[in-house]
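Trainee: Just passing along the structure, written as structure tokens.
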Amino acid sequence: MNNVISIEAQTALFEEKESPLLAKRLPGDLAMWFFILAELTVFAILFIGFAVSEQLSPEIFAQGKNKLHQISGLINTLTLITSSYFVALALIKMHQGYGKQAAKLLVVAKLVACIYIGVKIWEYLSLFEQGIDIETNTFFTLYFLITFFHLMHVLLGMVILVFVALKAAKNEYNASNISGFESGASYWHMVDMLWIILFPLIYVI
Amino acid sequence: MQSTNANQKNTISWLWLLALTVISVYIGQFLELFNTQKSLFIIVVLFIVFLKGQQIIDIFMELEQAPKLWRRLLLAYVILLPSIIGLIYLL
């Protein structure tokens, strides 16, 4: 009696073996994941460098952090998380084959990301108005270097999302050819994840 | 049905990420009320970084269903990097 497997269990076993949808697979291209790992490594070095420098010059870093606008950092974190959320929703729509809806969600994601860019530019300009720039001290050298490098990644991510959205709108992706979309989405989530580490390190701690 | 679940999962994750972000900013002021040391504040904030990273990796990046190696690599990043940063600040 114990050896008898129910029909449901047999079906589940069959689906697990046969269905490509249920099989474990990496979303997107393998090359993109290696690129993501390389990017994460570069940022890890920058973050560790920042933390070490803070220990070497705690007073300069404390003064520098006090001059930053923490609320603008908070707004930027919330916008990047929200933008990532819309990209995740777009990927679900794309999996269902709704290319146009996926493209619209990507446009929303990019519009939300524009808030991040606007806030970042405002933040830079307000620091410049106070006479603060990349040469002011070690803190601001690292602040401008790391945040501007991240901003470049946001801009690259937006360019990638524009191409992905255009292809999605033309229904050029399908169930067997969706890795380009997934790669673009994964890159965008990486940009979001980096900010999630950057924000507390530079603005909060 | 499956997509509805996926949508719900993403929405819950998004709201959780927003909440954790706000908590990480204001937890310092809350802990000051109890005269706690800055080291506890740093540990809490860095632990929140791990929680947020895990949500992005598993839910947004969909690595929950990916081969274990890649999920573990990314999770190792959000565990090791905050740990190293924490050690630099606390030691």
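In the structure tokens, the first chain shown is A, the next is B, and so on; residue numbers restart at 1 for each chain, and ligands run from 1 in the order shown.
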Using only C-alpha atoms and a cut-off of 9 Å, which residues of chain B sit close to chain A? Please list them as a PyMOL selection string.
Mentor: chain B and resi 3+6-7+10-11+13-14+17-18+21-22+24-25+28+38+41-42+45-46+49-50+52-53+56-57+59-63+65-68+70+73-74+77-78+81-82+84-86+88-89
Trainee: Could you work out how far CA of Ala76 (chain B) lies from CA of Ala38 (chain A), giving the answer in Å with one decimal?
Mentor: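 Between these atoms lies a distance of 14.4 Å.
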